[in-house]
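Following: one structure in structure tokens, then a few remarks.
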Amino acid sequence: MNQNILAIFTINTDQLPSHFQEIIQHEQEVVAQWREEGILEHLFLRPTRNGAVLVFKDIDENKAQELMATLPLFPFMKSVEYLPLLKQF
């Protein structure tokens, strides 16, 4: 069953490579494409700047995990949590 999936990730800021800004730029391109495709509904940056919250639309948790694994930042993520959501209104 397709639903909205909340993905919360935290990156390991202790071991960022020197080309981190290039990785961020590529990351922004990937999530912009997801937005255009209609599978990413929201992207929230965390105030601590060490992660983000993504709200995927009309996909299942396995698909969300597959998509997250393609992100340029994925190798630097120290944790990712997936929460299925049921929209009420």
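Labels for the structure tokens follow display order: chains A, B, ..., residues from 1 in each chain, ligands from 1.
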**Message:** Which of chain A end up as alpha helix (DSSP H) when DSSP is run on this backbone - answer as a VMD selection string?
**Reply:** chain A and resid 20 to 37 61 to 69
Write out, as an mmCIF file, in the first residue's frame, the residues just selected, with C-alpha atoms.
data_model
loop_
_atom_site.group_PDB
_atom_site.id
_atom_site.type_symbol
_atom_site.label_atom_id
_atom_site.label_comp_id
_atom_site.auth_asym_id
_atom_site.auth_seq_id
_atom_site.Cartn_x
_atom_site.Cartn_y
_atom_site.Cartn_z
ATOM 1 C CA PHE A 20 31.241 18.518 0.908
ATOM 2 C CA GLN A 21 29.741 21.588 -0.806
ATOM 3 C CA GLU A 22 29.796 19.749 -4.154
ATOM 4 C CA ILE A 23 27.991 16.829 -2.520
ATOM 5 C CA ILE A 24 25.352 19.215 -1.142
ATOM 6 C CA GLN A 25 24.830 20.730 -4.594
ATOM 7 C CA HIS A 26 24.306 17.284 -6.132
ATOM 8 C CA GLU A 27 21.976 16.370 -3.256
ATOM 9 C CA GLN A 28 19.847 19.443 -3.993
ATOM 10 C CA GLU A 29 19.611 18.415 -7.655
ATOM 11 C CA VAL A 30 18.423 14.916 -6.709
ATOM 12 C CA VAL A 31 15.711 16.110 -4.315
ATOM 13 C CA ALA A 32 14.582 18.744 -6.830
ATOM 14 C CA GLN A 33 14.081 15.952 -9.346
ATOM 15 C CA TRP A 34 12.034 13.974 -6.794
ATOM 16 C CA ARG A 35 9.918 17.086 -6.220
ATOM 17 C CA GLU A 36 9.317 17.442 -9.973
ATOM 18 C CA GLU A 37 8.366 13.750 -10.173
ATOM 19 C CA GLU A 61 8.694 2.349 2.964
ATOM 20 C CA ASN A 62 10.856 0.055 0.821
ATOM 21 C CA LYS A 63 10.787 2.564 -2.042
ATOM 22 C CA ALA A 64 11.671 5.388 0.379
ATOM 23 C CA GLN A 65 14.656 3.369 1.589
ATOM 24 C CA GLU A 66 15.751 2.718 -1.997
ATOM 25 C CA LEU A 67 15.513 6.419 -2.838
ATOM 26 C CA MET A 68 17.372 7.521 0.281
ATOM 27 C CA ALA A 69 20.208 5.116 -0.535
#
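Taking only C-alpha atoms into account, Arg46 of chain A lies nearest to A:Phe9 out of the set A:Pro84, A:Asp14, A:His19, A:Phe9.
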**Request:** Tell me which of A:Leu73, A:Pro17, A:Gln88, A:Leu83 sits closest to Leu54 of chain A, counting only C-alpha atoms.
**Result:**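 Of A:Leu73, A:Pro17, A:Gln88, A:Leu83, the one nearest Leu54 of chain A is A:Leu83, counting only C-alpha atoms.
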**Prompt:** Which one is closest to Tyr82 of chain A: A:Asp60, A:Phe44, A:Ile8, A:Asn2? Count only C-alpha atoms.
**Reply:** A:Ile8
Got a sec to tell me which of chain A DSSP assigns to strand (DSSP E), as a CSV table (one decimal) with C-alpha atoms, in the first residue's frame?
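File result.csv, as written:
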chain,number,residue,atom,x,y,z
A,3,GLN,CA,1.3,6.1,1.7
A,4,ASN,CA,3.3,9.0,2.8
A,5,ILE,CA,6.6,8.2,4.4
A,6,LEU,CA,8.6,10.5,6.8
A,7,ALA,CA,12.4,10.0,6.6
A,8,ILE,CA,14.5,11.6,9.2
A,9,PHE,CA,18.3,11.6,8.8
A,10,THR,CA,21.3,12.8,10.7
A,11,ILE,CA,24.7,13.1,9.1
A,40,LEU,CA,8.8,14.3,-2.5
A,41,GLU,CA,6.2,16.5,-0.9
A,42,HIS,CA,8.3,18.3,1.7
A,43,LEU,CA,11.9,18.8,2.7
A,44,PHE,CA,12.7,20.4,6.0
A,45,LEU,CA,16.3,21.2,7.1
A,51,GLY,CA,20.3,16.5,8.9
A,52,ALA,CA,16.9,16.8,7.3
A,53,VAL,CA,13.3,15.5,7.3
A,54,LEU,CA,11.8,14.4,4.0
A,55,VAL,CA,8.1,13.6,3.4
A,56,PHE,CA,7.6,11.2,0.5
A,57,LYS,CA,4.3,11.0,-1.2
A,58,ASP,CA,2.4,7.9,-2.4
A,59,ILE,CA,5.3,5.4,-2.0
A,77,MET,CA,24.4,9.5,7.3
A,78,LYS,CA,24.8,8.1,10.8
A,79,SER,CA,21.1,7.4,11.2
A,80,VAL,CA,17.9,7.3,9.1
A,81,GLU,CA,14.5,6.7,10.5
A,82,TYR,CA,11.4,5.9,8.4
A,83,LEU,CA,7.9,6.5,9.7
A,84,PRO,CA,4.7,5.7,7.7
A,85,LEU,CA,2.1,8.4,7.9
